[in-house]
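Enquirer: One structure follows; several queries about it will come next.
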Amino acid sequence: AQSVTQLGSHVSVSEGALVLLRCNYSSSVPPYLFWYVQYPNQGLQLLLKYTSAATLVKGINGFEAEFKKSETSFHLTKPSAHMSDAAEYFCAVSEGFQKLVFGTGTRLLVSP
Amino acid sequence: NAGVTQTPKFQVLKTGQSMTLQCAQDMNHNSMYWYRQDPGMGLRLIYYSASEGTTDKGEVPNGYNVSRLNKREFSLRLESAAPSQTSVYFCASSSGLADGSNEQYFGPGTRLTVT
């Protein structure tokens, strides 16, 4: 069965610093991978997804993620953090036939 | 175009009471899902409906039932609420491609407390 591990339940950065949120996956088939963002008291919103077209995927709000098969990773990055990026981020892998398996989430804290 | 809507937004129940959470989508999606979100545990799938007329259990189905009323609506029922069902519940929908490549769209959630 597919699974996702997100290292670090909390990540703190200063405004303007690099954001790096880690995601490793386990999958027996070529995976489809997703990053979602959840702002306080809201539902999840898709940031980006990997569907094998390109290993570097660009998403909304300046985020991007790189699929590395050899490392079974799909880390999320943003060159310069903004206060508005403070939220919880979830990595997910498709279990095939329309189901997603989510990681436990990483809360990003951005300080001025 | 409202996307995925959920009612109610908040609910407090006493142990043993029943209630139904409602979800509707206006994107003509085939597949719909119910998740629960608990601190430190991410989102866990309760039930899903791959297409109108079908429903299947997810990771944590015990204590819940679902109905896919039509293509737009997918409800979640708690027959006898327990404190362990205190959680935030999210409904989601997707176009339902069989290979799993399509993203899911989420509603705003229902915050349920069982006392």
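Every chain in the structure tokens has a letter given in the order shown (A, B, ...), and although residue numbers restart at 1 in each chain, ligands are simply numbered from 1 in the order shown.
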Which chain B residues are at most 8 Å from chain A (counting only C-alpha atoms), as an MDAnalysis selection string?
Expert: chainID B and resid 31 40:44 50 90 94 96:109
Enquirer: Store the residues picked out above in a file with C-alpha atoms, as an mmCIF file, in the first residue's frame.
Expert:
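out26.cif was written with the following content:
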data_model
loop_
_atom_site.group_PDB
_atom_site.id
_atom_site.type_symbol
_atom_site.label_atom_id
_atom_site.label_comp_id
_atom_site.auth_asym_id
_atom_site.auth_seq_id
_atom_site.Cartn_x
_atom_site.Cartn_y
_atom_site.Cartn_z
ATOM 1 C CA SER B 31 -16.242 10.786 -7.255
ATOM 2 C CA GLY B 40 -1.230 15.014 14.206
ATOM 3 C CA MET B 41 -2.993 12.409 12.085
ATOM 4 C CA GLY B 42 -3.551 14.168 8.791
ATOM 5 C CA LEU B 43 -6.688 13.303 6.855
ATOM 6 C CA ARG B 44 -8.128 9.822 7.039
ATOM 7 C CA ALA B 50 -16.308 6.381 -7.003
ATOM 8 C CA PHE B 90 -14.191 17.301 5.151
ATOM 9 C CA SER B 94 -12.885 14.734 -8.029
ATOM 10 C CA GLY B 96 -12.729 10.423 -10.937
ATOM 11 C CA LEU B 97 -10.092 9.339 -13.410
ATOM 12 C CA ALA B 98 -9.388 5.658 -12.874
ATOM 13 C CA ASP B 99 -5.608 6.128 -12.803
ATOM 14 C CA GLY B 100 -5.817 8.433 -9.786
ATOM 15 C CA SER B 101 -4.092 11.393 -11.424
ATOM 16 C CA ASN B 102 -6.833 13.911 -10.789
ATOM 17 C CA GLU B 103 -6.892 16.204 -7.802
ATOM 18 C CA GLN B 104 -9.591 16.394 -5.171
ATOM 19 C CA TYR B 105 -11.472 19.571 -4.317
ATOM 20 C CA PHE B 106 -12.369 20.120 -0.681
ATOM 21 C CA GLY B 107 -15.238 21.729 1.139
ATOM 22 C CA PRO B 108 -14.751 24.117 4.086
ATOM 23 C CA GLY B 109 -15.326 21.432 6.722
#
Enquirer: Within 8 Å of Val110 in chain A, counting only C-alpha atoms, which residues show up once you throw out same-chain ones fewer than 6 positions away? Write them as a list of chain:residue names, please.
Expert: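 In the requested form, the answer reads A:Ser12, A:Val13, A:Ser14, A:Glu15, A:Ala81, A:His82, A:Met83, A:Asp85, A:Ala86.
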Enquirer: Given the choices A:Val37, A:Ala87, A:Val29, A:Leu20, which gets closest to Ala65 in chain A if the distance is worked out from only C-alpha atoms?
Expert: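 So, comparing all the options, the nearest one is A:Leu20.
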Enquirer: Write down as a PyMOL selection string the residues of chain B whose backbone DSSP state falls under strand (DSSP E or B).
Expert: chain B and resi 4-7+10-13+19-25+31-37+43-49+56-57+64-68+73-78+87-94+105-106+110-114
Enquirer: Report as a VMD selection string all protein, DNA and RNA residues lying within 9 Å of Phe67 in chain A, evaluated on only C-alpha atoms, omitting residues in the same chain fewer than 6 positions from it.
Expert: chain A and resid 33 50 52 54 to 57 73 to 75
Enquirer: Report as an NGL selection string all protein, DNA and RNA residues lying within 12 Å of Ser84 in chain A, evaluated on only C-alpha atoms, omitting residues in the same chain fewer than 5 positions from it.
Expert: :A and (15-16 or 37-40 or 61-62 or 108-112)
Enquirer: Please write the residues from the selection above to a file, keeping all heavy atoms, as a short mmCIF file (atom, residue, chain, number, x, y, z; two decimals), in the first residue's frame.
Expert:
data_model
loop_
_atom_site.label_atom_id
_atom_site.label_comp_id
_atom_site.auth_asym_id
_atom_site.auth_seq_id
_atom_site.Cartn_x
_atom_site.Cartn_y
_atom_site.Cartn_z
N GLU A 15 10.74 35.51 7.45
CA GLU A 15 10.24 36.08 6.20
C GLU A 15 11.41 36.34 5.26
O GLU A 15 12.45 36.87 5.68
CB GLU A 15 9.48 37.37 6.48
CG GLU A 15 8.64 37.86 5.32
CD GLU A 15 7.75 39.04 5.69
OE1 GLU A 15 8.06 39.71 6.69
OE2 GLU A 15 6.76 39.27 4.98
N GLY A 16 11.28 35.90 4.01
CA GLY A 16 12.35 36.06 3.03
C GLY A 16 13.29 34.87 2.94
O GLY A 16 14.07 34.77 1.98
N VAL A 37 -2.41 22.81 0.63
CA VAL A 37 -2.22 23.77 1.70
C VAL A 37 -3.56 23.99 2.40
O VAL A 37 -4.62 23.99 1.76
CB VAL A 37 -1.65 25.11 1.18
CG1 VAL A 37 -2.58 25.77 0.17
CG2 VAL A 37 -1.38 26.08 2.34
N GLN A 38 -3.48 24.13 3.72
CA GLN A 38 -4.69 24.41 4.51
C GLN A 38 -4.45 25.64 5.38
O GLN A 38 -3.62 25.60 6.28
CB GLN A 38 -5.05 23.21 5.39
CG GLN A 38 -6.36 23.40 6.16
CD GLN A 38 -6.68 22.21 7.04
OE1 GLN A 38 -5.80 21.54 7.57
NE2 GLN A 38 -7.97 21.94 7.23
N TYR A 39 -5.18 26.70 5.10
CA TYR A 39 -5.13 27.90 5.94
C TYR A 39 -6.08 27.70 7.12
O TYR A 39 -7.00 26.89 7.04
CB TYR A 39 -5.48 29.13 5.13
CG TYR A 39 -4.52 29.37 4.00
CD1 TYR A 39 -4.86 29.06 2.67
CD2 TYR A 39 -3.24 29.88 4.24
CE1 TYR A 39 -3.96 29.25 1.64
CE2 TYR A 39 -2.33 30.07 3.22
CZ TYR A 39 -2.70 29.74 1.92
OH TYR A 39 -1.81 29.93 0.89
N PRO A 40 -5.86 28.42 8.21
CA PRO A 40 -6.67 28.20 9.42
C PRO A 40 -8.17 28.22 9.14
O PRO A 40 -8.67 29.11 8.45
CB PRO A 40 -6.24 29.36 10.32
CG PRO A 40 -4.84 29.63 9.90
CD PRO A 40 -4.80 29.42 8.42
N ASN A 61 1.35 30.38 -5.91
CA ASN A 61 2.00 31.16 -4.85
C ASN A 61 3.51 30.99 -4.80
O ASN A 61 4.12 31.16 -3.74
CB ASN A 61 1.40 30.80 -3.48
CG ASN A 61 -0.09 31.05 -3.41
OD1 ASN A 61 -0.63 31.85 -4.18
ND2 ASN A 61 -0.77 30.39 -2.50
N GLY A 62 4.15 30.66 -5.92
CA GLY A 62 5.60 30.58 -5.99
C GLY A 62 6.21 29.28 -5.48
O GLY A 62 7.43 29.16 -5.39
N LEU A 108 3.80 25.30 8.83
CA LEU A 108 4.83 26.28 8.51
C LEU A 108 4.56 27.57 9.29
O LEU A 108 3.48 28.15 9.18
CB LEU A 108 4.85 26.58 7.01
CG LEU A 108 5.85 27.64 6.55
CD1 LEU A 108 7.28 27.18 6.79
CD2 LEU A 108 5.63 27.99 5.08
N LEU A 109 5.55 27.96 10.08
CA LEU A 109 5.47 29.21 10.84
C LEU A 109 6.44 30.20 10.22
O LEU A 109 7.60 29.87 9.98
CB LEU A 109 5.83 28.95 12.30
CG LEU A 109 5.04 27.81 12.97
CD1 LEU A 109 5.65 27.45 14.32
CD2 LEU A 109 3.59 28.22 13.14
N VAL A 110 6.00 31.42 9.95
CA VAL A 110 6.83 32.45 9.34
C VAL A 110 6.91 33.64 10.28
O VAL A 110 5.88 34.22 10.65
CB VAL A 110 6.25 32.90 7.98
CG1 VAL A 110 7.19 33.91 7.32
CG2 VAL A 110 6.04 31.70 7.06
N SER A 111 8.13 33.97 10.65
CA SER A 111 8.32 35.09 11.58
C SER A 111 8.87 36.30 10.84
O SER A 111 9.60 36.16 9.86
CB SER A 111 9.28 34.69 12.70
OG SER A 111 10.50 34.24 12.17
N PRO A 112 8.51 37.50 11.32
CA PRO A 112 8.95 38.72 10.62
C PRO A 112 10.45 38.94 10.75
O PRO A 112 11.10 38.45 11.68
CB PRO A 112 8.18 39.84 11.33
CG PRO A 112 7.33 39.21 12.34
CD PRO A 112 7.61 37.75 12.43
#
Enquirer: From the set B:Pro39, B:Pro61, B:Leu112, B:Ala92, which residue has the shortest atom-to-atom contact distance to Arg107 in chain A, counting only C-alpha atoms?
Expert: B:Pro39
Enquirer: Looking at only C-alpha atoms, which of A:Ser80, A:Ala53, A:Leu21, A:Phe63 is the one that sits closest to Leu7 in chain A?
Expert: A:Leu21
Enquirer: Considering only C-alpha atoms, return as a compact mmCIF listing (two decimals) with N, CA, C and O atoms, in the first residue's frame whatever protein or nucleic-acid residues lie within 9 Å of Ser87 in chain B, sequence-local ones (same chain, fewer than 3 positions apart) excluded.
Expert:
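What follows is the written file selection21.txt:
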# COMPACT_ATOMS: atom_id res chain seq x y z
N ARG B 36 -11.96 12.57 7.85
CA ARG B 36 -11.90 13.23 9.14
C ARG B 36 -10.46 13.68 9.38
O ARG B 36 -9.50 13.01 8.95
N GLN B 37 -10.32 14.83 10.06
CA GLN B 37 -9.01 15.39 10.34
C GLN B 37 -8.85 15.54 11.83
O GLN B 37 -9.63 16.25 12.49
N ASP B 38 -7.85 14.89 12.38
CA ASP B 38 -7.54 14.97 13.80
C ASP B 38 -6.11 15.44 13.97
O ASP B 38 -5.25 15.12 13.12
N PRO B 39 -5.82 16.18 15.02
CA PRO B 39 -4.46 16.73 15.22
C PRO B 39 -3.38 15.66 15.13
O PRO B 39 -3.48 14.62 15.78
N SER B 84 -15.21 9.85 20.60
CA SER B 84 -14.10 9.59 19.68
C SER B 84 -14.37 10.12 18.27
O SER B 84 -13.45 10.17 17.44
N THR B 110 -16.74 20.62 8.49
CA THR B 110 -17.71 20.68 9.59
C THR B 110 -16.97 20.31 10.87
O THR B 110 -16.36 19.25 10.95
N ARG B 111 -17.03 21.23 11.83
CA ARG B 111 -16.37 20.97 13.11
C ARG B 111 -17.38 20.36 14.06
O ARG B 111 -18.35 21.02 14.44
N LEU B 112 -17.18 19.09 14.43
CA LEU B 112 -18.13 18.35 15.26
C LEU B 112 -17.53 18.05 16.62
O LEU B 112 -16.41 17.55 16.71
N THR B 113 -18.29 18.38 17.65
CA THR B 113 -17.89 18.04 19.02
C THR B 113 -18.95 17.14 19.62
O THR B 113 -20.14 17.46 19.58
N VAL B 114 -18.51 16.02 20.19
CA VAL B 114 -19.42 15.08 20.86
C VAL B 114 -19.08 15.06 22.34
O VAL B 114 -17.95 14.75 22.73
Enquirer: From the list B:Thr115, B:Asn65, B:Ser75, B:Gln6, which residue is nearest Val88 in chain B when using only C-alpha atoms?
Expert: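 Closest to Val88 in chain B of all the choices is B:Gln6.
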Enquirer: What is the distance between CA of Ser27 in chain A and CA of Tyr89 in chain B, in Å to one decimal?
Expert: 26.7 Å
